[in-house]
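Enquirer: The structure that follows is given in the form of C-alpha cells.
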Amino acid sequence: MKAIQYKAFGNSNVIELVEVPQPEINNENQVLIQVKAASVNPLDIKLRSGIMQQIRPVNLPFVPGADVAGIVVATGEKVTQFKAGDQVIAVTREGGYAEYAIANESNVAIKPTNASFEEATSLVVNIGTAQSVLFNEGKLAKDQKVLIQGAAGATGATMVQMAKNAGAYVIATASGQGIALVKSLGADEVIDYKSQDVSLLANNIDLVVDCAGGESQHKLFEVLKPGGRLFSIVSPPSAALAEKYQVDARFISSNISAGSLAAGLALVNEGKLRPIVAKTFPLDEAAQAQDFVSAGGVNGKVVLVVLQ
C-alpha cells in the first residue's frame, strides 16, 4: 500500500511516499480501516522534527498520522461494535497517513452521516480536546464565561461551538478572516488579538483556554476571576503567575478515545456542530500540507485525502 514515511528527523523534506506492507490485525480488539482521509495535526510536525523524542518517542522509519476517517475492512475476533463496511472515524496514534490503518475498537466511532470523510477526520482531535479541556477538566457550566484564545484554529473553532451548545458565554480571540468565522460559530464577543488588548476588554472569566501559546499567554491571567482556571493545549502556563493570581493554571493533555468523542459527535449528528476544513491535500503532498500548518494562521483543519 501507499504510505507517507520518514526515515530521519528533520524538516518536511524528509517526508516521502513509499510502498509498505498493508497492516494486519494482530490482536482480537483491533479494527482494520481503509483510510479515506487523515488529519494533519501540529503534533505530526513536532514528532517529525524530533523534539518530542523524550516525551513521545517514535521508532524510525515512521508513518505519521494520529486520526483517520474511512471504511472498516476487517475486525478482530472480540470486536462487537463494528463490522466490515461501516464508515468510521478513529484514533490510530500513528500510521494514519496511509491507505490502510489499524485502530483499537475503543478508539473507533461511527462517522456522522452528515459529514464527509474529510470533515469527519477533522473532528477527532478537536472534539476530544474540547471535551477534555472545557468539561472534563474545566467543568464549564451554563452561563459561565469562557475565553478561547486562538478560536479560529481547528480546535478553537470546535471549542466555541461546544461551549455555546453548553450554554456558556463565549469570548473568542481571532484575527483576519478568523473573526468572521468565530462570529458565525456563535461567539458572543470577538477580540482581534492583533489590534486589541484582551486584558482590557475581558474580565471576571471563569475559564480561559489557550490554543495559541506564546507570550500572549501571560496576559490571560489578568482576565480571570479569583479561583478561575487557565488551561493551555500548547505550553504549560507560568506557575508563578498562577500563584500570584490565585488561579488553577495547567497544561491539559487530551483524551481522544471514542468515549470522549460521544457528546461532540452527537452535536454533529444533530447539526449543532460544524466541521471546519481549511484545506485538503492529496496524500502525496503530505510535506506541503505539514508546511501549510507550520506557517500558522490556518482557520480550521488541514486534511489529507487518500485516494483509493
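Ligands are numbered from 1 in the order shown, residues from 1 within each chain, and chains are lettered A, B, ... in the order they appear in the C-alpha cells.
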Just the residues within 12 Å of Pro236 in chain A, please, counting only C-alpha atoms, with nothing from its chain fewer than 5 positions along; format it as a list of chain:residue names.
Expert: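 These residues fall inside the cut-off: A:Val209, A:Asp210, A:Cys211, A:Ala212, A:Gly213, A:Gly214, A:Glu215, A:Gln217, A:His218, A:Leu230, A:Phe231, A:Leu241, A:Ala242, A:Asp248, A:Ala249, A:Arg250, A:Phe251, A:Ile252, A:Ser253.
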Enquirer: Excluding range 287-303 of chain A and any residue of its chain fewer than 5 positions from it, enumerate the residues within 8 Å of it, using only C-alpha atoms, and give them as an mmCIF file with C-alpha atoms, in the first residue's frame.
Expert:
data_model
loop_
_atom_site.group_PDB
_atom_site.id
_atom_site.type_symbol
_atom_site.label_atom_id
_atom_site.label_comp_id
_atom_site.auth_asym_id
_atom_site.auth_seq_id
_atom_site.Cartn_x
_atom_site.Cartn_y
_atom_site.Cartn_z
ATOM 1 C CA SER A 12 9.435 18.402 5.639
ATOM 2 C CA ASN A 13 11.952 17.258 3.034
ATOM 3 C CA ILE A 15 8.889 13.013 4.066
ATOM 4 C CA ALA A 37 -8.943 10.963 4.863
ATOM 5 C CA ALA A 38 -6.421 11.749 7.580
ATOM 6 C CA SER A 39 -5.897 14.872 9.670
ATOM 7 C CA VAL A 40 -2.679 16.869 9.680
ATOM 8 C CA ASN A 41 -2.062 17.881 13.287
ATOM 9 C CA PRO A 42 0.619 20.119 14.820
ATOM 10 C CA ASP A 44 2.709 15.353 13.497
ATOM 11 C CA ILE A 45 5.150 18.165 12.780
ATOM 12 C CA GLU A 118 -12.671 14.875 5.101
ATOM 13 C CA THR A 121 -11.446 13.204 10.293
ATOM 14 C CA SER A 122 -11.177 16.906 11.123
ATOM 15 C CA ALA A 152 -10.334 30.334 14.689
ATOM 16 C CA GLY A 153 -7.919 27.423 14.677
ATOM 17 C CA ALA A 154 -9.145 23.874 14.213
ATOM 18 C CA THR A 155 -9.549 23.063 17.909
ATOM 19 C CA ALA A 157 -13.460 26.605 16.455
ATOM 20 C CA GLN A 177 -10.774 36.130 8.319
ATOM 21 C CA GLY A 178 -10.936 34.212 11.586
ATOM 22 C CA ILE A 276 -14.237 23.359 9.665
ATOM 23 C CA VAL A 277 -11.838 22.109 6.974
ATOM 24 C CA ALA A 278 -9.397 24.823 5.933
ATOM 25 C CA LYS A 279 -7.703 22.986 3.057
ATOM 26 C CA THR A 280 -7.243 19.495 1.665
ATOM 27 C CA PHE A 281 -4.150 17.968 0.070
#
Enquirer: For range 73-90 of chain A, please output as a PyMOL selection string all residues within 10 Å (counting only C-alpha atoms; exclusion window: fewer than 4 positions along the same chain).
Expert: chain A and resi 24-38+66-69+96+100-113+117+120-125+256-258
Enquirer: If you run DSSP over the backbone, which residues in range 19-80 of chain A end up strand (DSSP E or B)? Put them as a PyMOL selection string.
Expert: chain A and resi 19+30-40+62+67-75
Enquirer: With C-alpha atoms retained, export the selected residues as a compact mmCIF listing (two decimals), in the first residue's frame.
Expert:
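So the final result, stored in again-v6.txt, reads:
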# COMPACT_ATOMS: atom_id res chain seq x y z
CA GLU A 19 5.15 1.33 -0.73
CA GLN A 30 -8.30 -4.28 16.54
CA VAL A 31 -10.07 -2.80 13.52
CA LEU A 32 -8.52 -2.53 10.05
CA ILE A 33 -9.65 0.62 8.23
CA GLN A 34 -9.36 1.62 4.58
CA VAL A 35 -8.39 5.26 5.02
CA LYS A 36 -10.29 7.89 3.05
CA ALA A 37 -8.94 10.96 4.86
CA ALA A 38 -6.42 11.75 7.58
CA SER A 39 -5.90 14.87 9.67
CA VAL A 40 -2.68 16.87 9.68
CA PHE A 62 7.83 6.14 10.88
CA ASP A 67 -6.55 10.08 13.33
CA VAL A 68 -8.43 8.98 10.23
CA ALA A 69 -11.82 8.53 8.64
CA GLY A 70 -12.57 5.57 6.43
CA ILE A 71 -14.30 2.21 5.97
CA VAL A 72 -13.90 -0.87 8.13
CA VAL A 73 -12.29 -3.73 6.18
CA ALA A 74 -11.86 -6.34 8.90
CA THR A 75 -12.16 -6.74 12.67
Enquirer: Which of these, A:Leu207, A:Leu273, A:Ala163, A:Ala151, has the shortest distance to Lys183 in chain A once you count only C-alpha atoms?
Expert: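 Checking each of A:Leu207, A:Leu273, A:Ala163, A:Ala151 against Lys183 in chain A, counting only C-alpha atoms, the winner is A:Ala151.
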Enquirer: List the spatial neighbours of Asn165 in chain A as a PyMOL selection string - criterion: any atom at most 12 Å away, only C-alpha atoms, same-chain residues fewer than 6 positions off excluded.
Expert: chain A and resi 134+140-143+158-159+185-187+263-264+266-268+270-274
Enquirer: Give me the residues near Val63 in chain A as a PyMOL selection string, where near means some atom within 12 Å (using only C-alpha atoms) and where sequence neighbours in that chain fewer than 3 positions away do not count.
Expert: chain A and resi 2-8+14-21+23+44+47-48+58-60+66+92-101+286
Enquirer: Keeping only C-alpha atoms, write those residues as a short mmCIF file (atom, residue, chain, number, x, y, z; two decimals), in the first residue's frame.
Expert:
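Okay, again_26.cif is ready:
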data_model
loop_
_atom_site.label_atom_id
_atom_site.label_comp_id
_atom_site.auth_asym_id
_atom_site.auth_seq_id
_atom_site.Cartn_x
_atom_site.Cartn_y
_atom_site.Cartn_z
CA LYS A 2 0.99 3.64 -0.36
CA ALA A 3 2.03 5.47 2.79
CA ILE A 4 3.88 8.59 3.89
CA GLN A 5 7.05 7.81 5.79
CA TYR A 6 10.25 9.38 7.06
CA LYS A 7 13.48 7.62 7.95
CA ALA A 8 15.17 10.53 9.75
CA VAL A 14 12.45 14.02 5.00
CA ILE A 15 8.89 13.01 4.07
CA GLU A 16 8.48 10.54 1.21
CA LEU A 17 5.73 8.50 -0.42
CA VAL A 18 6.59 4.79 -0.21
CA GLU A 19 5.15 1.33 -0.73
CA VAL A 20 4.88 -0.61 2.52
CA PRO A 21 3.06 -3.81 3.54
CA PRO A 23 -1.03 -3.58 8.24
CA ASP A 44 2.71 15.35 13.50
CA LEU A 47 7.18 14.35 16.05
CA ARG A 48 8.84 14.68 12.64
CA VAL A 58 8.82 7.12 17.77
CA ASN A 59 10.81 4.45 16.00
CA LEU A 60 12.18 5.12 12.54
CA ALA A 66 -2.96 10.13 14.57
CA THR A 92 -4.67 5.49 15.30
CA ARG A 93 -1.87 7.24 17.27
CA GLU A 94 0.36 6.58 14.25
CA GLY A 95 0.11 5.18 10.73
CA GLY A 96 -2.79 7.34 9.56
CA TYR A 97 -1.02 8.82 6.52
CA ALA A 98 -1.60 5.63 4.55
CA GLU A 99 -4.14 3.69 2.50
CA TYR A 100 -4.89 1.37 5.44
CA ALA A 101 -4.54 1.81 9.20
CA ALA A 286 1.83 15.49 2.84
#
Enquirer: Report as a PDB file with C-alpha atoms, in the first residue's frame: the residues of range 127-180 of chain A with a DSSP assignment of alpha helix (DSSP H), based on the backbone of this structure.
Expert:
ATOM      1  CA  ILE A 127     -13.729  17.185  19.829  1.00  0.00           C
ATOM      2  CA  GLY A 128     -11.592  15.074  22.147  1.00  0.00           C
ATOM      3  CA  THR A 129      -9.529  18.106  23.116  1.00  0.00           C
ATOM      4  CA  ALA A 130     -12.565  20.355  23.578  1.00  0.00           C
ATOM      5  CA  ALA A 154      -9.145  23.874  14.213  1.00  0.00           C
ATOM      6  CA  THR A 155      -9.549  23.063  17.909  1.00  0.00           C
ATOM      7  CA  GLY A 156     -10.598  26.562  18.949  1.00  0.00           C
ATOM      8  CA  ALA A 157     -13.460  26.605  16.455  1.00  0.00           C
ATOM      9  CA  THR A 158     -14.787  23.356  17.874  1.00  0.00           C
ATOM     10  CA  MET A 159     -14.459  24.707  21.408  1.00  0.00           C
ATOM     11  CA  VAL A 160     -16.521  27.785  20.529  1.00  0.00           C
ATOM     12  CA  GLN A 161     -19.359  25.594  19.269  1.00  0.00           C
ATOM     13  CA  MET A 162     -19.284  23.083  22.127  1.00  0.00           C
ATOM     14  CA  ALA A 163     -19.154  25.851  24.741  1.00  0.00           C
ATOM     15  CA  LYS A 164     -22.112  27.643  23.144  1.00  0.00           C
ATOM     16  CA  ASN A 165     -24.105  24.425  22.991  1.00  0.00           C
ATOM     17  CA  GLN A 177     -10.774  36.130   8.319  1.00  0.00           C
ATOM     18  CA  GLY A 178     -10.936  34.212  11.586  1.00  0.00           C
ATOM     19  CA  ILE A 179     -13.011  36.992  13.134  1.00  0.00           C
ATOM     20  CA  ALA A 180     -15.940  36.385  10.793  1.00  0.00           C
TER      21      ALA A 180
END
Enquirer: If you measure from CA of Glu222 in chain A to CA of Tyr245 in chain A, what distance in Å do you get, rounded to one decimal?
Expert: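 Computed distance, CA of Glu222 in chain A to CA of Tyr245 in chain A, equals 7.7 Å.
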Enquirer: Work out how far apart CA of Pro275 in chain A and CA of Lys139 in chain A are and give it in Å to one decimal.
Expert: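 According to the coordinates, CA of Pro275 in chain A and CA of Lys139 in chain A are separated by 23.5 Å.
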Enquirer: Just checking: using only C-alpha atoms, which residue out of A:Gln144, A:Ser254, A:Gln196, A:Ser184 ends up closest to Leu224 in chain A?
Expert: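 Of A:Gln144, A:Ser254, A:Gln196, A:Ser184, the one nearest Leu224 in chain A, counting only C-alpha atoms, is A:Gln144.
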Enquirer: Between CA of Ile148 in chain A and CA of Ser238 in chain A, measure the distance and give it in Å to one decimal.
Expert: 17.8 Å
Enquirer: Nearest to Tyr169 in chain A among A:Leu200, A:Asp206, A:Asn269, A:Ser195, with distances taken over only C-alpha atoms: which residue is it?
Expert: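 Closest to Tyr169 in chain A of all the choices is A:Asp206.
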